[in-house]
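Text of data.cif (mmCIF, C-alpha atoms) as supplied:
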```cif
data_input
loop_
_atom_site.group_PDB
_atom_site.id
_atom_site.type_symbol
_atom_site.label_atom_id
_atom_site.label_comp_id
_atom_site.auth_asym_id
_atom_site.auth_seq_id
_atom_site.Cartn_x
_atom_site.Cartn_y
_atom_site.Cartn_z
ATOM 1 C CA MET A 29 -36.456 -103.771 -16.655
ATOM 2 C CA SER A 30 -39.975 -104.409 -17.827
ATOM 3 C CA GLU A 31 -41.738 -104.454 -21.131
ATOM 4 C CA SER A 32 -43.479 -101.197 -22.001
ATOM 5 C CA ASN A 33 -46.655 -101.024 -23.983
ATOM 6 C CA PHE A 34 -47.008 -98.207 -26.503
ATOM 7 C CA PHE A 35 -50.005 -96.535 -28.106
ATOM 8 C CA PRO A 36 -49.745 -94.396 -31.238
ATOM 9 C CA GLU A 37 -50.393 -90.754 -30.402
ATOM 10 C CA ASN A 38 -53.677 -90.485 -32.287
ATOM 11 C CA ALA A 39 -55.091 -93.928 -31.405
ATOM 12 C CA ALA A 40 -56.212 -92.925 -27.933
ATOM 13 C CA GLU A 41 -56.411 -89.154 -28.351
ATOM 14 C CA SER A 42 -60.157 -88.858 -27.809
ATOM 15 C CA ILE A 43 -60.070 -91.109 -24.754
ATOM 16 C CA LEU A 44 -57.028 -89.573 -23.098
ATOM 17 C CA SER A 45 -57.378 -85.845 -23.808
ATOM 18 C CA PRO A 46 -58.910 -83.709 -21.085
ATOM 19 C CA ALA A 47 -62.413 -82.465 -21.915
ATOM 20 C CA SER A 48 -61.434 -78.832 -21.408
ATOM 21 C CA GLY A 49 -58.433 -79.002 -23.739
ATOM 22 C CA THR A 50 -56.381 -76.981 -21.266
ATOM 23 C CA ALA A 51 -53.608 -78.035 -18.952
ATOM 24 C CA PRO A 52 -54.448 -77.431 -15.269
ATOM 25 C CA GLU A 53 -51.756 -76.322 -12.869
ATOM 26 C CA ALA A 54 -49.914 -79.041 -10.998
ATOM 27 C CA ILE A 55 -51.496 -80.200 -7.789
ATOM 28 C CA SER A 56 -49.397 -78.808 -4.954
ATOM 29 C CA SER A 57 -49.355 -80.254 -1.470
ATOM 30 C CA PRO A 58 -46.941 -79.892 1.414
ATOM 31 C CA LEU A 59 -44.382 -82.659 1.340
ATOM 32 C CA SER A 60 -44.682 -84.866 4.385
ATOM 33 C CA ALA A 61 -41.676 -86.357 6.158
ATOM 34 C CA SER A 62 -42.696 -89.785 4.873
ATOM 35 C CA ALA A 63 -42.792 -88.649 1.247
ATOM 36 C CA ALA A 64 -39.446 -86.887 1.698
ATOM 37 C CA SER A 65 -37.894 -90.219 2.644
ATOM 38 C CA ILE A 66 -38.670 -91.536 -0.843
ATOM 39 C CA SER A 67 -36.161 -89.177 -2.440
ATOM 40 C CA GLU A 68 -33.711 -89.289 0.469
ATOM 41 C CA SER A 69 -33.454 -93.088 0.287
ATOM 42 C CA PHE A 70 -31.745 -92.747 -3.106
ATOM 43 C CA SER A 71 -29.360 -89.939 -2.108
ATOM 44 C CA ASP A 72 -26.321 -92.172 -1.533
ATOM 45 C CA VAL A 73 -26.569 -94.190 -4.770
ATOM 46 C CA PRO A 74 -23.143 -94.358 -6.445
ATOM 47 C CA ILE A 75 -23.295 -92.492 -9.740
ATOM 48 C CA PRO A 76 -22.592 -93.094 -12.542
ATOM 49 C CA VAL A 77 -22.803 -96.859 -12.740
ATOM 50 C CA SER A 78 -22.740 -97.188 -16.506
ATOM 51 C CA GLY A 79 -21.563 -94.792 -19.156
ATOM 52 C CA ARG A 80 -19.810 -91.585 -18.330
ATOM 53 C CA PRO A 81 -21.475 -88.400 -17.118
ATOM 54 C CA GLY A 82 -22.509 -86.054 -19.876
ATOM 55 C CA THR A 83 -22.412 -88.694 -22.595
ATOM 56 C CA SER A 84 -24.802 -87.716 -25.365
ATOM 57 C CA VAL A 85 -26.828 -90.778 -26.264
ATOM 58 C CA HIS A 86 -29.175 -89.243 -28.817
ATOM 59 C CA ASP A 87 -29.134 -86.285 -31.146
ATOM 60 C CA ALA A 88 -32.020 -86.268 -33.614
ATOM 61 C CA GLY A 89 -31.493 -82.763 -34.920
ATOM 62 C CA SER A 90 -34.577 -81.389 -33.157
ATOM 63 C CA PHE A 91 -33.386 -82.369 -29.691
ATOM 64 C CA SER A 92 -30.430 -83.862 -27.848
ATOM 65 C CA ASN A 93 -30.623 -86.253 -24.899
ATOM 66 C CA THR A 94 -27.751 -86.381 -22.427
ATOM 67 C CA ILE A 95 -27.752 -89.092 -19.753
ATOM 68 C CA TYR A 96 -25.862 -87.967 -16.642
ATOM 69 C CA PHE A 97 -26.265 -91.227 -14.811
ATOM 70 C CA GLN A 98 -28.141 -94.462 -15.115
ATOM 71 C CA LEU A 99 -28.461 -97.319 -12.658
ATOM 72 C CA ASN A 100 -30.372 -100.516 -13.400
ATOM 73 C CA THR A 101 -31.018 -103.286 -10.900
ATOM 74 C CA SER A 102 -33.560 -106.083 -10.805
ATOM 75 C CA ARG A 103 -35.871 -103.969 -8.618
ATOM 76 C CA TYR A 104 -35.423 -100.391 -9.764
ATOM 77 C CA GLN A 105 -33.979 -98.135 -12.411
ATOM 78 C CA LEU A 106 -32.676 -94.592 -11.921
ATOM 79 C CA GLU A 107 -31.846 -92.164 -14.705
ATOM 80 C CA GLU A 108 -30.983 -88.487 -14.794
ATOM 81 C CA ALA A 109 -31.203 -86.844 -18.203
ATOM 82 C CA VAL A 110 -31.127 -83.424 -19.809
ATOM 83 C CA ARG A 111 -32.983 -82.854 -23.049
ATOM 84 C CA VAL A 112 -32.370 -79.757 -25.131
ATOM 85 C CA GLY A 113 -34.627 -78.775 -28.022
ATOM 86 C CA SER A 114 -38.191 -79.659 -28.885
ATOM 87 C CA TYR A 115 -38.968 -83.002 -27.214
ATOM 88 C CA ALA A 116 -42.269 -84.790 -26.645
ATOM 89 C CA MET A 117 -42.661 -88.502 -26.099
ATOM 90 C CA LYS A 118 -43.916 -90.004 -29.346
ATOM 91 C CA TYR A 119 -46.280 -92.504 -27.731
ATOM 92 C CA ARG A 120 -48.444 -92.739 -24.669
ATOM 93 C CA HIS A 121 -47.345 -95.875 -22.876
ATOM 94 C CA TYR A 122 -47.698 -97.936 -19.735
ATOM 95 C CA HIS A 123 -45.556 -100.457 -17.910
ATOM 96 C CA ALA A 124 -45.780 -102.848 -14.998
ATOM 97 C CA THR A 125 -43.499 -100.697 -12.836
ATOM 98 C CA TYR A 126 -44.207 -97.694 -10.641
ATOM 99 C CA GLU A 127 -42.662 -94.449 -11.844
ATOM 100 C CA ILE A 128 -41.491 -91.420 -9.898
ATOM 101 C CA TYR A 129 -40.538 -88.465 -12.096
ATOM 102 C CA TYR A 130 -38.736 -85.457 -10.593
ATOM 103 C CA LEU A 131 -38.337 -82.319 -12.717
ATOM 104 C CA MET A 132 -35.221 -80.351 -11.784
ATOM 105 C CA GLU A 133 -35.232 -77.749 -14.577
ATOM 106 C CA GLY A 134 -37.633 -76.635 -17.297
ATOM 107 C CA GLN A 135 -41.377 -77.057 -17.674
ATOM 108 C CA ARG A 136 -43.294 -80.085 -18.966
ATOM 109 C CA TYR A 137 -46.802 -81.351 -19.420
ATOM 110 C CA TYR A 138 -47.368 -84.747 -17.859
ATOM 111 C CA PHE A 139 -50.328 -86.747 -19.180
ATOM 112 C CA ILE A 140 -51.693 -89.513 -16.932
ATOM 113 C CA ASP A 141 -54.773 -91.299 -18.216
ATOM 114 C CA ARG A 142 -57.258 -88.463 -18.861
ATOM 115 C CA SER A 143 -55.507 -85.816 -16.758
ATOM 116 C CA VAL A 144 -52.901 -83.266 -17.789
ATOM 117 C CA PHE A 145 -50.548 -81.690 -15.254
ATOM 118 C CA SER A 146 -48.239 -78.738 -15.718
ATOM 119 C CA VAL A 147 -45.000 -79.647 -13.958
ATOM 120 C CA ARG A 148 -42.212 -77.253 -13.070
ATOM 121 C CA PRO A 149 -38.909 -77.469 -11.195
ATOM 122 C CA GLY A 150 -39.447 -79.289 -7.917
ATOM 123 C CA SER A 151 -42.447 -81.287 -9.137
ATOM 124 C CA LEU A 152 -42.619 -84.959 -8.211
ATOM 125 C CA VAL A 153 -44.976 -87.051 -10.348
ATOM 126 C CA PHE A 154 -46.093 -90.436 -9.016
ATOM 127 C CA VAL A 155 -47.353 -92.875 -11.670
ATOM 128 C CA ARG A 156 -48.981 -96.113 -10.548
ATOM 129 C CA LYS A 157 -48.177 -99.328 -12.431
ATOM 130 C CA ASN A 158 -50.088 -99.891 -15.684
ATOM 131 C CA ARG A 159 -51.212 -96.228 -15.988
ATOM 132 C CA ILE A 160 -51.140 -94.712 -19.472
ATOM 133 C CA HIS A 161 -48.828 -91.701 -19.436
ATOM 134 C CA LYS A 162 -46.451 -89.493 -21.409
ATOM 135 C CA THR A 163 -44.673 -86.150 -21.192
ATOM 136 C CA SER A 164 -44.441 -83.283 -23.645
ATOM 137 C CA GLN A 165 -42.847 -79.892 -23.941
ATOM 138 C CA ALA A 166 -44.467 -76.958 -22.140
ATOM 139 C CA GLU A 167 -42.325 -73.805 -22.184
ATOM 140 C CA GLY A 168 -38.666 -73.485 -23.059
ATOM 141 C CA ASP A 169 -36.505 -75.916 -24.929
ATOM 142 C CA ARG A 170 -34.547 -77.587 -22.106
ATOM 143 C CA HIS A 171 -35.473 -79.799 -19.204
ATOM 144 C CA ARG A 172 -33.597 -81.895 -16.667
ATOM 145 C CA ARG A 173 -35.289 -84.765 -14.899
ATOM 146 C CA LEU A 174 -34.711 -87.734 -12.642
ATOM 147 C CA LEU A 175 -36.735 -90.843 -13.407
ATOM 148 C CA ILE A 176 -37.145 -93.745 -10.993
ATOM 149 C CA GLU A 177 -38.922 -96.946 -12.021
ATOM 150 C CA ILE A 178 -39.625 -99.438 -9.247
ATOM 151 C CA ASP A 179 -40.609 -103.103 -9.538
ATOM 152 C CA ALA A 180 -44.334 -103.520 -8.821
ATOM 153 C CA ALA A 181 -44.034 -106.395 -6.331
ATOM 154 C CA CYS A 182 -41.357 -104.552 -4.352
ATOM 155 C CA MET A 183 -43.269 -101.253 -4.371
ATOM 156 C CA ASP A 184 -46.639 -102.854 -3.555
ATOM 157 C CA ARG A 185 -45.107 -104.467 -0.476
ATOM 158 C CA TRP A 186 -43.311 -101.274 0.531
ATOM 159 C CA LEU A 187 -46.430 -99.125 0.109
ATOM 160 C CA SER A 188 -48.516 -101.464 2.256
ATOM 161 C CA GLU A 189 -45.913 -101.696 5.032
ATOM 162 C CA VAL A 190 -44.732 -98.080 5.313
ATOM 163 C CA ALA A 191 -46.927 -95.582 7.168
ATOM 164 C CA GLY A 192 -49.807 -98.029 7.371
ATOM 165 C CA GLY A 193 -50.361 -97.939 3.606
ATOM 166 C CA LYS A 194 -51.000 -94.176 3.561
ATOM 167 C CA LEU A 195 -48.222 -93.461 1.052
ATOM 168 C CA SER A 196 -50.105 -95.332 -1.671
ATOM 169 C CA ALA A 197 -52.311 -92.212 -1.908
ATOM 170 C CA LEU A 198 -49.414 -90.497 -3.710
ATOM 171 C CA PHE A 199 -50.100 -92.695 -6.723
ATOM 172 C CA HIS A 200 -53.786 -91.730 -7.067
ATOM 173 C CA ASP A 201 -55.169 -89.085 -9.405
ATOM 174 C CA ASP A 202 -55.909 -86.355 -6.890
ATOM 175 C CA GLN A 203 -52.447 -86.455 -5.281
ATOM 176 C CA CYS A 204 -50.107 -87.764 -7.993
ATOM 177 C CA VAL A 205 -48.171 -84.487 -8.383
ATOM 178 C CA LEU A 206 -46.423 -82.735 -5.506
ATOM 179 C CA THR A 207 -44.386 -79.591 -6.029
ATOM 180 C CA LEU A 208 -41.619 -78.903 -3.558
ATOM 181 C CA THR A 209 -40.891 -75.360 -2.418
ATOM 182 C CA ALA A 210 -37.429 -73.876 -2.947
ATOM 183 C CA ASP A 211 -36.623 -74.588 0.730
ATOM 184 C CA GLN A 212 -37.667 -78.228 0.380
ATOM 185 C CA ARG A 213 -35.484 -78.625 -2.732
ATOM 186 C CA ALA A 214 -32.404 -77.135 -1.060
#
```
Represent the structure contained in this file as structure tokens.
Amino acid sequence: MSESNFFPENAAESILSPASGTAPEAISSPLSASAASISESFSDVPIPVSGRPGTSVHDAGSFSNTIYFQLNTSRYQLEEAVRVGSYAMKYRHYHATYEIYYLMEGQRYYFIDRSVFSVRPGSLVFVRKNRIHKTSQAEGDRHRRLLIEIDAACMDRWLSEVAGGKLSALFHDDQCVLTLTADQRA
């Protein structure tokens, strides 16, 4: 969809690591009706579009990656995957698309610029375009996630038109992680 830019793990370590060296808890906020519409707008997407459900696309010995569905269009990309074993993204990276990451199972650390968030089932992570980010293993050896990448021009227009531009706050540091309650996930 778009070209990603990668940074070796140690090249930016001093710039991107939190000063405290600890991972703060995820920022939790009540999910507004407007934010709920983000996930609901993708609920009727036909799945799978390519590949077959449960097809293992990577097994490196230390972890396996199973893609349950993947949908790529010119404006967005959706992917649901389960990773079993020790998995951490090798490089911090950024791209010209917006990213919405939804953790369904497991626990992860999500690094965005200089912040570290502990994400758990029900966490939605909103990553603005061109933000340096990566995920790594927290507890356990399995996680299931849904990843949505959205074209910047499309998302910029949508964010400015919907709710008077107020939804763009989801992509800023102090509100970039929302954790849904069990009732909200049901």
Q) By how many Å are CA of Glu108 in chain A and CA of Glu189 in chain A apart? A) 28.1 Å
Q.
Assuming the chain letters and numbering stay as they are in my file, what does the PyMOL selection byres ((chain A and resi 116) around 12) actually select? List them as a PyMOL selection string.
A. chain A and resi 37+90-93+111-115+117-120+135-139+161-167+169-171
Q) Nearest to Val155 in chain A: which of A:Leu106, A:Leu99, A:Ile178, A:Ala191 is it, counting all atoms listed in the file? A)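 Looking only at the distances to Val155 in chain A, the closest residue turns out to be A:Ile178.
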Q) How many Å separate CA of Gln105 in chain A from CA of Ala210 in chain A? A) 26.3 Å
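Near Asp184 in chain A, within 12 Å and counting all atoms listed in the file, sit Arg103, Ala124, Thr125, Tyr126, Arg156, Lys157, Ile178, Val190, Gly193, Leu195, Ser196 and Phe199 of chain A, not including residues fewer than 6 positions from it in the same chain.
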Q) With all atoms listed in the file as the basis for distance, which of A:Ala180, A:Phe97, A:Lys194, A:Pro149 is at the shortest distance from Tyr130 in chain A? A)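 Closest candidate: A:Pro149.
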Q | Separation of CA of Met132 in chain A from CA of Ala109 in chain A in Å | A | 10.0 Å
Q: Considering all atoms listed in the file, state which residue in the set A:Trp186, A:Phe154, A:Tyr122, A:Tyr96 is at the smallest distance from Thr207 in chain A.
A: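 Residue with the minimum atom-to-atom distance to Thr207 in chain A: A:Phe154.
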